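Trainee: Before I ask anything, let me first share the structure, which is written out below as structure tokens.
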Amino acid sequence: MAAPTRIRQPRNFRDRKDVLNELSDAELIKRYRLDRAGIMLVTDLVRERITNQTERSRAVTPEMKVLVTLRYLATGKMQLCSGDDLGPSQQTVSRVITETLFALSRNEILSQYFKFPVTLENCHTKAVDFQQIAGFPGVIGTIDGTHVRITAPKEFEAEYVNRKRYHSINVQVVFDAIYRILDIVARWPGSVHDARILRESSLNQVVFGRGMVPDGYHLLGDSGYPCKKWLLTPYLRPQPGPQSDYNRAHKKTRNVVERGIGQLKRRFHVLHGEIRVTPTAKVCQIIKVCAMLHNICKDRNIRIPAPEDIDEPAEDIEEDYDNAPLAVQQPPLPAVAPRPREGLLYRDEFVNLHFE
């Protein structure tokens, strides 16, 4: 008896919404954080690398891949990408995001949008912007670390538990006075101290270590960093007068980096919650791409959507990690190494010169 003939069922495809032509710039910014021209700019950066080598009529276009990735970074939820009238299935969404993030996180792309000032002209411009905040002279950037929460990795899990007892990547970031990111380091486990990340970074070993920045220009950092000729920190016990004046101006100026980190995480909510992807190298790609896109938004004068305009569930906007459940118990972090005397003496001279 002959086997019955199997009838192949036609594949059902979801209709894909042409959001680039159907939505206004305001709606695009609310959903994807970029206007139409900005989305096309990002697409053109990676078009050759993410174009499918196929003639299939249903192949995902480069524009659609970038939209899916932007939606994920804006919301932190892959489910919203597949349920957002864009068309791709959940499996396709995951593959598309991985492919697009890899293309966008290449050094030749990132280097176009992270430019640390090293010429006298650029340093002067940055310093003028900062001095308008609180009268603090010679500042070209403010530096700090911020933790991005991740799921527990399979390898070296304990190293990723930070002092607040959750797993994270400790990200070093430098902002200028207009909240543009000048430099970012996203590769260290959460247990690593800010001072070590700085010590191992190219800022310390190359940019300032080799004298690329003209003398008299500085970064501002908190007391967790060592005081250097190029990195000014606050006095722990300031004396009344110039030292106290210095600390007040330092705090007001350094707040730029805290507000900048807040802007970055509000713009891309994937950085607000726990990033549930593996391996950690992919998490680092996400962080660096978000930072690059933040700079593109700054270049295009695109504001962060107001909370009432954000098209995501309210609970995704804010996370309270101070009260997060304890993960793996870790011993206290070792104390920061004593500051070199040279940096402390330089700070005293700086204060006497500018705050006397």
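If you're wondering about the labels, chains in the structure tokens are A, B, ... by order shown, residues count from 1 in each chain, ligands from 1 in order shown.
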Excluding Leu101 (chain A) and its own-chain neighbours fewer than 6 positions away, which residues fall within 8 Å of it when counting only C-alpha atoms? Please give them as a VMD selection string.
Mentor: chain A and resid 69 285 to 286 289
Trainee: With C-alpha atoms retained, write the just-selected residues as an mmCIF file, in the first residue's frame.
Mentor:
```cif
data_model
loop_
_atom_site.group_PDB
_atom_site.id
_atom_site.type_symbol
_atom_site.label_atom_id
_atom_site.label_comp_id
_atom_site.auth_asym_id
_atom_site.auth_seq_id
_atom_site.Cartn_x
_atom_site.Cartn_y
_atom_site.Cartn_z
ATOM 1 C CA THR A 69 18.356 46.051 17.657
ATOM 2 C CA GLN A 285 29.135 44.845 23.151
ATOM 3 C CA ILE A 286 25.696 46.037 24.243
ATOM 4 C CA VAL A 289 27.001 50.203 21.344
#
```
Trainee: When you look at region 229-232 of chain A with a cut-off of 8 Å (counting only C-alpha atoms), what residues show up, excluding the ones that are within fewer than 2 positions of it in the same chain? I need them as a VMD selection string.
Mentor: chain A and resid 208 216 to 221 226 to 227 234 342 to 343 346 to 347
Trainee: Generate a file of the selected residues that holds N, CA, C and O atoms, formatted as a PDB file, in the first residue's frame.
Mentor:
```pdb
ATOM      1  N   PHE A 208      47.372  59.750  28.917  1.00  0.00           N
ATOM      2  CA  PHE A 208      48.065  60.609  29.878  1.00  0.00           C
ATOM      3  C   PHE A 208      49.462  60.085  30.183  1.00  0.00           C
ATOM      4  O   PHE A 208      50.390  60.866  30.404  1.00  0.00           O
ATOM      5  N   GLY A 216      48.390  70.886  32.206  1.00  0.00           N
ATOM      6  CA  GLY A 216      47.428  71.839  32.737  1.00  0.00           C
ATOM      7  C   GLY A 216      45.986  71.448  32.521  1.00  0.00           C
ATOM      8  O   GLY A 216      45.079  72.182  32.940  1.00  0.00           O
ATOM      9  N   TYR A 217      45.748  70.304  31.884  1.00  0.00           N
ATOM     10  CA  TYR A 217      44.379  69.826  31.672  1.00  0.00           C
ATOM     11  C   TYR A 217      44.171  68.535  32.449  1.00  0.00           C
ATOM     12  O   TYR A 217      45.073  67.695  32.529  1.00  0.00           O
ATOM     13  N   HIS A 218      42.964  68.376  33.011  1.00  0.00           N
ATOM     14  CA  HIS A 218      42.732  67.308  33.965  1.00  0.00           C
ATOM     15  C   HIS A 218      41.399  66.602  33.737  1.00  0.00           C
ATOM     16  O   HIS A 218      40.497  67.133  33.091  1.00  0.00           O
ATOM     17  N   LEU A 219      41.296  65.437  34.365  1.00  0.00           N
ATOM     18  CA  LEU A 219      40.013  64.793  34.624  1.00  0.00           C
ATOM     19  C   LEU A 219      39.657  65.054  36.083  1.00  0.00           C
ATOM     20  O   LEU A 219      40.527  65.279  36.921  1.00  0.00           O
ATOM     21  N   LEU A 220      38.368  64.990  36.388  1.00  0.00           N
ATOM     22  CA  LEU A 220      37.903  65.021  37.764  1.00  0.00           C
ATOM     23  C   LEU A 220      37.305  63.668  38.114  1.00  0.00           C
ATOM     24  O   LEU A 220      36.518  63.114  37.335  1.00  0.00           O
ATOM     25  N   GLY A 221      37.686  63.134  39.287  1.00  0.00           N
ATOM     26  CA  GLY A 221      37.151  61.870  39.756  1.00  0.00           C
ATOM     27  C   GLY A 221      36.863  61.925  41.230  1.00  0.00           C
ATOM     28  O   GLY A 221      37.299  62.845  41.938  1.00  0.00           O
ATOM     29  N   PRO A 226      43.066  57.463  42.653  1.00  0.00           N
ATOM     30  CA  PRO A 226      44.288  58.098  43.148  1.00  0.00           C
ATOM     31  C   PRO A 226      44.413  59.503  42.579  1.00  0.00           C
ATOM     32  O   PRO A 226      44.064  59.752  41.430  1.00  0.00           O
ATOM     33  N   CYS A 227      44.880  60.422  43.396  1.00  0.00           N
ATOM     34  CA  CYS A 227      45.082  61.789  42.932  1.00  0.00           C
ATOM     35  C   CYS A 227      46.355  61.852  42.098  1.00  0.00           C
ATOM     36  O   CYS A 227      47.412  61.383  42.521  1.00  0.00           O
ATOM     37  N   PRO A 234      38.730  64.999  45.291  1.00  0.00           N
ATOM     38  CA  PRO A 234      38.415  65.924  46.400  1.00  0.00           C
ATOM     39  C   PRO A 234      39.253  65.646  47.637  1.00  0.00           C
ATOM     40  O   PRO A 234      39.781  64.537  47.815  1.00  0.00           O
ATOM     41  N   GLU A 342      53.188  62.792  44.862  1.00  0.00           N
ATOM     42  CA  GLU A 342      53.319  63.790  43.802  1.00  0.00           C
ATOM     43  C   GLU A 342      51.965  64.367  43.415  1.00  0.00           C
ATOM     44  O   GLU A 342      51.819  65.581  43.226  1.00  0.00           O
ATOM     45  N   GLY A 343      50.960  63.500  43.313  1.00  0.00           N
ATOM     46  CA  GLY A 343      49.628  63.973  42.947  1.00  0.00           C
ATOM     47  C   GLY A 343      49.015  64.854  44.009  1.00  0.00           C
ATOM     48  O   GLY A 343      48.350  65.858  43.714  1.00  0.00           O
ATOM     49  N   TYR A 346      50.673  68.246  43.903  1.00  0.00           N
ATOM     50  CA  TYR A 346      50.193  68.998  42.746  1.00  0.00           C
ATOM     51  C   TYR A 346      48.817  69.594  43.037  1.00  0.00           C
ATOM     52  O   TYR A 346      48.541  70.753  42.692  1.00  0.00           O
ATOM     53  N   ARG A 347      47.957  68.804  43.692  1.00  0.00           N
ATOM     54  CA  ARG A 347      46.619  69.313  44.019  1.00  0.00           C
ATOM     55  C   ARG A 347      46.703  70.521  44.950  1.00  0.00           C
ATOM     56  O   ARG A 347      45.969  71.502  44.765  1.00  0.00           O
TER      57      ARG A 347
END
```
Trainee: Quote the spacing between CA of Ala74 (chain A) and CA of Arg267 (chain A) in Å to one decimal place.
Mentor: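 Atom-to-atom, CA of Ala74 (chain A) to CA of Arg267 (chain A), that is 6.6 Å.
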Trainee: With 6 Å as the cut-off and only C-alpha atoms counted, what is the closest atom pair between each nearby residue of region 177-286 of chain A and region 102-121 of chain A? Distances in Å to one decimal, ordered by chain and number, as CSV.
Mentor:
```
residue,atom,partner,partner_atom,distance
A:Leu182,CA,A:Phe116,CA,5.1
A:Asp183,CA,A:Phe114,CA,5.8
A:Met212,CA,A:Val118,CA,5.9
A:Val213,CA,A:Val118,CA,4.7
A:Gln285,CA,A:Ser105,CA,5.8
```
Trainee: Smallest atom-to-atom distance to Cys297 (chain A): which of A:Ile181, A:Ala186, A:Val283, A:Val96, using only C-alpha atoms?
Mentor: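 That would be A:Ile181, the residue with the smallest distance to Cys297 (chain A).
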Trainee: Pick out the closest residue to Ser201 (chain A) from this set: A:Asn255, A:Val139, A:Ala177, A:Gln172. Count only C-alpha atoms.
Mentor: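 Comparing A:Asn255, A:Val139, A:Ala177, A:Gln172 against Ser201 (chain A), the winner is A:Gln172.
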Trainee: Fewer than 5 positions away in the same chain doesn't count, so skip those; otherwise give me all residues within 10 Å of Arg303 (chain A), counting only C-alpha atoms, as a list in words.
Mentor: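 Listed by chain and then number, they are Ile29, Lys30, Arg33, Leu34, Gln263, Arg267, Cys297 and Lys298 of chain A.
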Trainee: Give me, please, the distance in Å between CA of Ala249 (chain A) and CA of Ile261 (chain A), quoted to one decimal.
Mentor: 19.8 Å
Trainee: To one decimal place in Å, what is the distance between CA of Arg300 (chain A) and CA of Leu41 (chain A)?
Mentor: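 It comes out at 10.9 Å.
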Trainee: Based on the backbone DSSP call, show me all residues of region 182-309 of chain A assigned strand (DSSP E), as a list in words.
Mentor: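 Those residues are Leu182, Asp183, Ile184, Val185, Ala186, Arg187, Trp188, Pro189, His218, Leu219, Leu220, Leu231 and Leu232 of chain A.
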